[in-house]
Amino acid sequence: MKKKRRKEKGTESVQTISHDPATLNALVDKGLLYFYGTGGVRRDYSKARTYLSEAANAGIAKAQEIVGLMLLNGMGCAVDAKEGIRYMSMAAEQNSAFALWQMGMACANGIVVEKNLEKAVECYTNASDQNFASARFELGLLYMYGTGVPKDEEKGGELISRAADDGCDLAVRYLARKEVDPKKSRELFEKAIQLGCIDAKYDLAVHILITEKKAARPLQVAELLEDCVRHYNADAIFLLGMLFLAGFFGTANKPNAISYFRAGAKLRDPKALYILGYLLYSQGQYDKALEYFMAARKYKFPYASYALAVLYLMGEGVEKNVDLALAYCNESVVQGLREGEYLFGWMFEHGEGVVADKRVACEWFEKSRSKGYGPAAFALAAYAPDEQKAHALYEEAAACGYGEAYAKLGQLIEEKDLSEAVKLYEKGARLSNATACLALQRILTEGPDPDPERAEQYAKKAELFSKIGSGPSYLPVLEISKTAHICLRTIGVEIEWLQPFPRIFSFVWTKSIPRLGLTYRKMHCSYMLINLLRKIQKLRGTRMI
């Protein structure tokens, strides 16, 4: 057989004149050596594609799979999903299990091809019949949730369990997240990690934080999350930022936290974009906050729409525009945000942009309250038919973590039981409530056990928290990430600025923050935590930061 070879800019090009099976198999073997970097050669996706494309165009299914994979993921070339799917479909037509799995995902999610669940089920089934574990797992999910097939949780669970037994890391991770026994769940997460599931490291870190609480080892958590950061896991980046703010690694490290949030923002994580906007908002930099909220809104993040509604309603950083406030608030409500429902109630209660209507206001408050929002329960207490019902609503609002409710409950019992009232006021103060702080200042000044020093401390806090104002002029923070919220609560974190109020964050935004060098394709944002881990290794057993 005759071959022509030429080198162009250091890349070997192969042009085959005849396509006999032996030659094509040799091309595939050589291409795979460069693709995996085995057999004494260095990994080189460009050379791998050179050899494999020749075989793929000649109809070799294995080569079509790899070339399609390279084009779909931009391995040694620009991402070309359309061309990648074309190669995958050619391999799928030859009943390649891997290609059938890929085509199943493309059809299920509408990637390049038109979304077609029936076709996806067919592809997954054909691949599953060839004992391809990943396809069996995807098919199991479809049955579990009744997507494209009649819902059958028993069949779906059986398929997922078989996929896990066959070594599908995603199936093992799925079972770990469903497992109720903490010990078994941890074992499954560790198994998924051994099978190569990087995201399971994030799950394991969260599992450790929640199950071990204050006994959780910071070094272990940091190492797990940092591995996820290197693989662009936005949730891990966000949680690391929250843990740095919480002082989980020793003391609160706000610059590091901001750096991680910025890294998440560059990955277009709406949670990170929102919290950066919140921090700017809390410093009164409303125009800059507006930019971040707008960016988060592009990804249909309901809290961003809610924040924009607050800005336009209060006229902070923008010209007051009640019509826009209503439009943004409606966006958040359509997405099921309880804060948006409460804001609608507030607007109807005060006649902001709408005709005042207490009945409609109560309807919106009730919708928000049904989702566990404390301020809504507190607002409904004002319209309660009797004192008993009002007291129950105040207690409900307090149980939801609303500081003003603790202050109100303290006022109601102060004359009867001062010591119990003080406990309630202290809980309200921890939740950044100015009313509770003023009550404590008064009791410590005029009460039976005066303490001028503590009274002065509460007076300063009250002055700080009084900047909050009234009405809807606050933004939720912890609620933007349910996982982060749960983790911080379980390790006993109480950070004043994390409560849903603005302008109480003490970090000076003008400080210079080291750049992370993050791009969409490649990330080098781990050097801060690497340096931290080196310190921890030297100072193991001592305070961390």
# chains A, B, ... in the order shown; residues from 1 in each chain; ligands from 1

call {"tool": "residues_around", "arguments": {"residues": "Leu380 (chain A)", "least_positions_apart": "3", "cutoff": "12 Å", "atoms": "only C-alpha atoms", "output": "MDAnalysis selection string"}}
result
chainID A and resid 342 345:346 349 358:370 373:377 383:386 389:394 396:397 405

call {"tool": "atom_distance", "arguments": {"atom1": "CA of Asp227 (chain A)", "atom2": "CA of Tyr260 (chain A)"}}
result
13.9 Å

call {"tool": "select_by_dssp", "arguments": {"residues": "region 360-494 of chain A", "states": "helix (DSSP H, G or I)", "output": "MDAnalysis selection string"}}
result
chainID A and resid 360:369 374:381 387:399 403:413 418:430 434:446 452:468 478:480 482:490

call {"tool": "write_last_selection", "arguments": {"atoms": "C-alpha atoms", "output": "compact mmCIF listing (two decimals), in the first residue's frame"}}
result
# COMPACT_ATOMS: atom_id res chain seq x y z
CA VAL A 360 -54.82 41.20 48.51
CA ALA A 361 -51.76 42.00 50.63
CA CYS A 362 -52.73 39.29 53.11
CA GLU A 363 -53.20 36.80 50.27
CA TRP A 364 -49.64 37.39 49.08
CA PHE A 365 -48.30 37.29 52.64
CA GLU A 366 -50.05 33.96 53.15
CA LYS A 367 -48.50 32.52 49.98
CA SER A 368 -45.06 33.58 51.19
CA ARG A 369 -45.71 32.34 54.72
CA GLY A 374 -40.64 34.64 58.55
CA PRO A 375 -41.33 38.28 57.56
CA ALA A 376 -44.58 37.17 55.90
CA ALA A 377 -45.81 35.49 59.08
CA PHE A 378 -44.83 38.61 61.04
CA ALA A 379 -46.76 40.83 58.63
CA LEU A 380 -49.87 38.64 58.93
CA ALA A 381 -49.79 38.98 62.72
CA GLU A 387 -54.03 38.10 70.36
CA GLN A 388 -53.58 34.33 70.56
CA LYS A 389 -53.38 33.98 66.77
CA ALA A 390 -51.04 37.00 66.54
CA HIS A 391 -48.73 35.51 69.18
CA ALA A 392 -48.64 32.21 67.29
CA LEU A 393 -47.65 34.05 64.10
CA TYR A 394 -44.89 35.94 65.93
CA GLU A 395 -43.54 32.64 67.23
CA GLU A 396 -43.70 31.17 63.74
CA ALA A 397 -41.79 34.15 62.32
CA ALA A 398 -39.17 33.82 65.07
CA ALA A 399 -38.78 30.09 64.37
CA GLY A 403 -35.11 38.96 64.29
CA GLU A 404 -37.97 41.47 64.54
CA ALA A 405 -40.26 38.66 65.70
CA TYR A 406 -37.94 37.88 68.63
CA ALA A 407 -37.98 41.56 69.57
CA LYS A 408 -41.79 41.62 69.47
CA LEU A 409 -42.10 38.48 71.59
CA GLY A 410 -39.71 40.01 74.11
CA GLN A 411 -41.84 43.15 74.33
CA LEU A 412 -44.97 41.07 74.96
CA ILE A 413 -43.54 39.25 77.99
CA LEU A 418 -37.73 39.98 82.28
CA SER A 419 -35.12 37.20 82.14
CA GLU A 420 -37.03 35.37 79.40
CA ALA A 421 -37.51 38.63 77.51
CA VAL A 422 -33.76 39.25 77.63
CA LYS A 423 -33.13 35.82 76.08
CA LEU A 424 -35.52 36.67 73.25
CA TYR A 425 -33.92 40.07 72.73
CA GLU A 426 -30.48 38.45 72.57
CA LYS A 427 -31.70 36.07 69.86
CA GLY A 428 -33.06 39.03 67.94
CA ALA A 429 -29.77 40.89 68.34
CA ARG A 430 -27.86 37.91 66.92
CA ALA A 434 -32.01 47.02 65.88
CA THR A 435 -35.18 46.90 68.01
CA ALA A 436 -33.82 44.01 70.06
CA CYS A 437 -30.47 45.78 70.50
CA LEU A 438 -32.17 48.96 71.75
CA ALA A 439 -34.24 46.91 74.20
CA LEU A 440 -31.08 45.27 75.57
CA GLN A 441 -29.37 48.66 75.84
CA ARG A 442 -32.32 50.00 77.85
CA ILE A 443 -32.41 46.98 80.19
CA LEU A 444 -28.64 47.05 80.75
CA THR A 445 -28.83 50.77 81.51
CA GLU A 446 -32.01 51.01 83.60
CA PRO A 452 -22.76 50.25 81.01
CA GLU A 453 -20.08 48.58 78.88
CA ARG A 454 -22.42 46.00 77.34
CA ALA A 455 -25.14 48.61 77.02
CA GLU A 456 -22.78 50.73 74.93
CA GLN A 457 -21.97 47.75 72.71
CA TYR A 458 -25.65 47.15 72.01
CA ALA A 459 -26.16 50.85 71.35
CA LYS A 460 -23.51 50.73 68.64
CA LYS A 461 -25.07 47.63 67.16
CA ALA A 462 -28.48 49.27 67.18
CA GLU A 463 -27.08 52.28 65.35
CA LEU A 464 -25.48 50.00 62.77
CA PHE A 465 -28.59 47.87 62.27
CA SER A 466 -30.92 50.87 62.18
CA LYS A 467 -29.50 51.68 58.75
CA ILE A 468 -31.51 48.74 57.52
CA LEU A 478 -28.03 32.53 52.83
CA GLU A 479 -31.12 31.36 51.01
CA ILE A 480 -29.38 31.65 47.63
CA LYS A 482 -29.62 25.80 50.27
CA THR A 483 -26.55 23.58 50.62
CA ALA A 484 -24.37 26.41 51.95
CA HIS A 485 -27.17 27.44 54.30
CA ILE A 486 -27.47 23.93 55.74
CA CYS A 487 -23.70 23.52 56.06
CA LEU A 488 -23.21 26.82 57.89
CA ARG A 489 -26.13 26.14 60.21
CA THR A 490 -24.91 22.65 61.11

call {"tool": "atom_distance", "arguments": {"atom1": "CA of Val112 (chain A)", "atom2": "CA of Asn73 (chain A)"}}
result
13.8 Å

call {"tool": "residues_around", "arguments": {"residues": "Arg86 (chain A)", "least_positions_apart": "3", "cutoff": "12 Å", "atoms": "only C-alpha atoms", "output": "list of chain:residue names"}}
result
A:Ala56, A:Asn57, A:Gln64, A:Glu65, A:Val67, A:Gly68, A:Leu69, A:Leu71, A:Leu72, A:Asp80, A:Ala81, A:Lys82, A:Glu83, A:Ser89, A:Met90, A:Ala91, A:Ala92, A:Glu93, A:Ala99, A:Gln102, A:Met103, A:Ala106, A:Ile111, A:Val112, A:Val113

call {"tool": "write_last_selection", "arguments": {"atoms": "C-alpha atoms", "output": "tab-separated table (two decimals), in the first residue's frame"}}
result
chain	number	residue	atom	x	y	z
A	56	ALA	CA	-13.33	7.54	11.00
A	57	ASN	CA	-14.01	8.80	7.49
A	64	GLN	CA	-15.74	7.82	14.89
A	65	GLU	CA	-16.44	7.63	18.64
A	67	VAL	CA	-13.19	11.92	16.91
A	68	GLY	CA	-16.76	12.79	17.87
A	69	LEU	CA	-15.75	12.98	21.53
A	71	LEU	CA	-15.00	17.61	18.69
A	72	LEU	CA	-17.72	17.70	21.36
A	80	ASP	CA	-17.75	21.75	17.09
A	81	ALA	CA	-20.85	20.08	18.52
A	82	LYS	CA	-22.54	19.70	15.14
A	83	GLU	CA	-19.60	17.85	13.61
A	89	SER	CA	-24.39	9.27	14.84
A	90	MET	CA	-22.26	7.38	12.28
A	91	ALA	CA	-20.83	5.23	15.07
A	92	ALA	CA	-24.30	4.75	16.61
A	93	GLU	CA	-25.59	3.45	13.28
A	99	ALA	CA	-21.99	6.34	20.62
A	102	GLN	CA	-23.86	9.88	23.59
A	103	MET	CA	-26.67	10.12	21.06
A	106	ALA	CA	-28.02	14.48	22.74
A	111	ILE	CA	-28.01	19.03	21.79
A	112	VAL	CA	-27.58	19.86	18.09
A	113	VAL	CA	-30.35	17.42	17.21

call {"tool": "atom_distance", "arguments": {"atom1": "CA of Ala63 (chain A)", "atom2": "CA of Leu33 (chain A)"}}
result
12.3 Å

call {"tool": "residues_around", "arguments": {"residues": "Pro182 (chain A)", "least_positions_apart": "5", "cutoff": "12 Å", "atoms": "only C-alpha atoms", "output": "VMD selection string"}}
result
chain A and resid 176 to 177 187 to 189 204 206 to 212

call {"tool": "write_last_selection", "arguments": {"atoms": "all heavy atoms", "output": "short mmCIF file (atom, residue, chain, number, x, y, z; two decimals), in the first residue's frame"}}
result
data_model
loop_
_atom_site.label_atom_id
_atom_site.label_comp_id
_atom_site.auth_asym_id
_atom_site.auth_seq_id
_atom_site.Cartn_x
_atom_site.Cartn_y
_atom_site.Cartn_z
N ALA A 176 -25.70 7.17 46.63
CA ALA A 176 -25.15 7.77 47.85
C ALA A 176 -26.00 8.94 48.32
O ALA A 176 -26.23 9.13 49.52
CB ALA A 176 -23.71 8.22 47.61
N ARG A 177 -26.47 9.74 47.37
CA ARG A 177 -27.28 10.91 47.72
C ARG A 177 -28.67 10.51 48.20
O ARG A 177 -29.32 11.26 48.93
CB ARG A 177 -27.38 11.84 46.52
CG ARG A 177 -26.03 12.36 46.06
CD ARG A 177 -26.12 13.23 44.84
NE ARG A 177 -26.49 14.59 45.17
CZ ARG A 177 -26.48 15.61 44.30
NH1 ARG A 177 -26.09 15.38 43.06
NH2 ARG A 177 -26.84 16.80 44.67
N GLU A 187 -19.69 5.75 52.52
CA GLU A 187 -19.00 4.68 51.81
C GLU A 187 -19.27 4.74 50.32
O GLU A 187 -18.36 4.52 49.50
CB GLU A 187 -19.44 3.33 52.38
CG GLU A 187 -18.94 3.06 53.80
CD GLU A 187 -19.52 1.79 54.38
OE1 GLU A 187 -20.38 1.17 53.71
OE2 GLU A 187 -19.12 1.40 55.50
N LEU A 188 -20.51 5.03 49.96
CA LEU A 188 -20.86 5.11 48.54
C LEU A 188 -20.21 6.32 47.87
O LEU A 188 -19.75 6.24 46.73
CB LEU A 188 -22.38 5.17 48.38
CG LEU A 188 -23.12 3.86 48.65
CD1 LEU A 188 -24.62 4.10 48.72
CD2 LEU A 188 -22.81 2.84 47.56
N PHE A 189 -20.15 7.45 48.57
CA PHE A 189 -19.47 8.62 48.01
C PHE A 189 -17.99 8.31 47.76
O PHE A 189 -17.43 8.67 46.72
CB PHE A 189 -19.58 9.83 48.95
CG PHE A 189 -20.91 10.54 48.88
CD1 PHE A 189 -21.60 10.88 50.02
CD2 PHE A 189 -21.46 10.89 47.65
CE1 PHE A 189 -22.81 11.55 49.95
CE2 PHE A 189 -22.68 11.54 47.56
CZ PHE A 189 -23.36 11.88 48.73
N LEU A 204 -19.20 14.61 49.19
CA LEU A 204 -18.60 14.08 50.41
C LEU A 204 -18.24 15.21 51.37
O LEU A 204 -18.43 15.08 52.59
CB LEU A 204 -17.36 13.25 50.07
CG LEU A 204 -16.63 12.62 51.26
CD1 LEU A 204 -17.59 11.73 52.07
CD2 LEU A 204 -15.42 11.81 50.79
N VAL A 206 -19.75 18.10 51.63
CA VAL A 206 -21.02 18.54 52.21
C VAL A 206 -21.50 17.53 53.25
O VAL A 206 -21.97 17.90 54.33
CB VAL A 206 -22.08 18.71 51.10
CG1 VAL A 206 -23.47 18.94 51.69
CG2 VAL A 206 -21.71 19.87 50.19
N HIS A 207 -21.36 16.25 52.92
CA HIS A 207 -21.77 15.18 53.85
C HIS A 207 -21.01 15.30 55.17
O HIS A 207 -21.60 15.17 56.26
CB HIS A 207 -21.51 13.83 53.19
CG HIS A 207 -21.86 12.65 54.05
ND1 HIS A 207 -23.15 12.17 54.15
CD2 HIS A 207 -21.10 11.86 54.85
CE1 HIS A 207 -23.17 11.14 54.97
NE2 HIS A 207 -21.93 10.91 55.40
N ILE A 208 -19.71 15.55 55.08
CA ILE A 208 -18.88 15.69 56.29
C ILE A 208 -19.32 16.89 57.11
O ILE A 208 -19.46 16.82 58.34
CB ILE A 208 -17.39 15.81 55.90
CG1 ILE A 208 -16.89 14.47 55.35
CG2 ILE A 208 -16.55 16.24 57.11
CD1 ILE A 208 -15.52 14.55 54.71
N LEU A 209 -19.56 18.01 56.45
CA LEU A 209 -19.98 19.22 57.16
C LEU A 209 -21.30 19.01 57.89
O LEU A 209 -21.48 19.49 59.01
CB LEU A 209 -20.10 20.38 56.17
CG LEU A 209 -18.79 20.96 55.63
CD1 LEU A 209 -19.07 21.90 54.47
CD2 LEU A 209 -18.03 21.69 56.72
N ILE A 210 -22.22 18.32 57.24
CA ILE A 210 -23.55 18.16 57.82
C ILE A 210 -23.58 17.09 58.91
O ILE A 210 -24.20 17.27 59.96
CB ILE A 210 -24.57 17.83 56.72
CG1 ILE A 210 -24.74 19.04 55.79
CG2 ILE A 210 -25.92 17.44 57.32
CD1 ILE A 210 -25.61 18.78 54.59
N THR A 211 -22.90 15.98 58.68
CA THR A 211 -22.98 14.87 59.63
C THR A 211 -22.01 15.03 60.81
O THR A 211 -22.33 14.65 61.93
CB THR A 211 -22.70 13.53 58.94
OG1 THR A 211 -21.40 13.56 58.32
CG2 THR A 211 -23.76 13.24 57.89
N GLU A 212 -20.84 15.60 60.54
CA GLU A 212 -19.85 15.74 61.62
C GLU A 212 -19.95 17.09 62.32
O GLU A 212 -19.39 17.28 63.40
CB GLU A 212 -18.44 15.54 61.06
CG GLU A 212 -18.22 14.15 60.49
CD GLU A 212 -16.79 13.92 60.01
OE1 GLU A 212 -15.92 14.74 60.38
OE2 GLU A 212 -16.55 12.93 59.31
#

call {"tool": "residues_around", "arguments": {"residues": "Ile198 (chain A)", "least_positions_apart": "4", "cutoff": "12 Å", "atoms": "only C-alpha atoms", "output": "list in words"}}
result
Asp169, Leu170, Arg173, Phe189, Glu190, Lys191, Ala192, Ile193, Gln194, Tyr202, Asp203, Leu204, Ala205, Leu224, Leu225, Glu226, Asp227, Cys228, Val229, Arg230, His231, Tyr232, Asn233 and Ala236 of chain A

call {"tool": "decode", "arguments": {"residues": "region 151-165 of chain A", "atoms": "N, CA, C and O atoms", "output": "short mmCIF file (atom, residue, chain, number, x, y, z; two decimals), in the first residue's frame"}}
result
data_model
loop_
_atom_site.label_atom_id
_atom_site.label_comp_id
_atom_site.auth_asym_id
_atom_site.auth_seq_id
_atom_site.Cartn_x
_atom_site.Cartn_y
_atom_site.Cartn_z
N LYS A 151 -43.76 6.28 34.26
CA LYS A 151 -43.00 6.29 35.50
C LYS A 151 -43.04 4.92 36.16
O LYS A 151 -44.10 4.33 36.36
N ASP A 152 -41.85 4.41 36.50
CA ASP A 152 -41.74 3.10 37.12
C ASP A 152 -40.51 3.14 38.03
O ASP A 152 -39.39 2.82 37.61
N GLU A 153 -40.71 3.56 39.28
CA GLU A 153 -39.58 3.74 40.20
C GLU A 153 -38.88 2.42 40.51
O GLU A 153 -37.66 2.39 40.69
N GLU A 154 -39.64 1.34 40.55
CA GLU A 154 -39.03 0.04 40.83
C GLU A 154 -38.07 -0.36 39.72
O GLU A 154 -36.93 -0.77 39.98
N LYS A 155 -38.51 -0.21 38.47
CA LYS A 155 -37.64 -0.56 37.33
C LYS A 155 -36.47 0.40 37.25
O LYS A 155 -35.33 -0.01 37.00
N GLY A 156 -36.74 1.70 37.48
CA GLY A 156 -35.67 2.68 37.45
C GLY A 156 -34.62 2.40 38.51
O GLY A 156 -33.41 2.46 38.23
N GLY A 157 -35.07 2.08 39.73
CA GLY A 157 -34.12 1.77 40.79
C GLY A 157 -33.29 0.54 40.49
O GLY A 157 -32.09 0.49 40.79
N GLU A 158 -33.92 -0.46 39.88
CA GLU A 158 -33.20 -1.68 39.51
C GLU A 158 -32.12 -1.38 38.47
O GLU A 158 -30.99 -1.88 38.58
N LEU A 159 -32.47 -0.58 37.46
CA LEU A 159 -31.49 -0.23 36.42
C LEU A 159 -30.32 0.56 37.01
O LEU A 159 -29.16 0.31 36.67
N ILE A 160 -30.62 1.49 37.90
CA ILE A 160 -29.56 2.30 38.50
C ILE A 160 -28.66 1.43 39.39
O ILE A 160 -27.43 1.57 39.37
N SER A 161 -29.25 0.53 40.15
CA SER A 161 -28.46 -0.36 41.00
C SER A 161 -27.55 -1.26 40.17
O SER A 161 -26.38 -1.48 40.52
N ARG A 162 -28.08 -1.77 39.06
CA ARG A 162 -27.26 -2.61 38.17
C ARG A 162 -26.12 -1.80 37.57
O ARG A 162 -24.99 -2.29 37.43
N ALA A 163 -26.41 -0.54 37.21
CA ALA A 163 -25.37 0.33 36.66
C ALA A 163 -24.28 0.59 37.71
O ALA A 163 -23.08 0.60 37.39
N ALA A 164 -24.71 0.78 38.96
CA ALA A 164 -23.73 0.99 40.03
C ALA A 164 -22.87 -0.25 40.24
O ALA A 164 -21.65 -0.16 40.41
N ASP A 165 -23.50 -1.42 40.21
CA ASP A 165 -22.75 -2.68 40.35
C ASP A 165 -21.76 -2.88 39.21
O ASP A 165 -20.71 -3.50 39.39
#
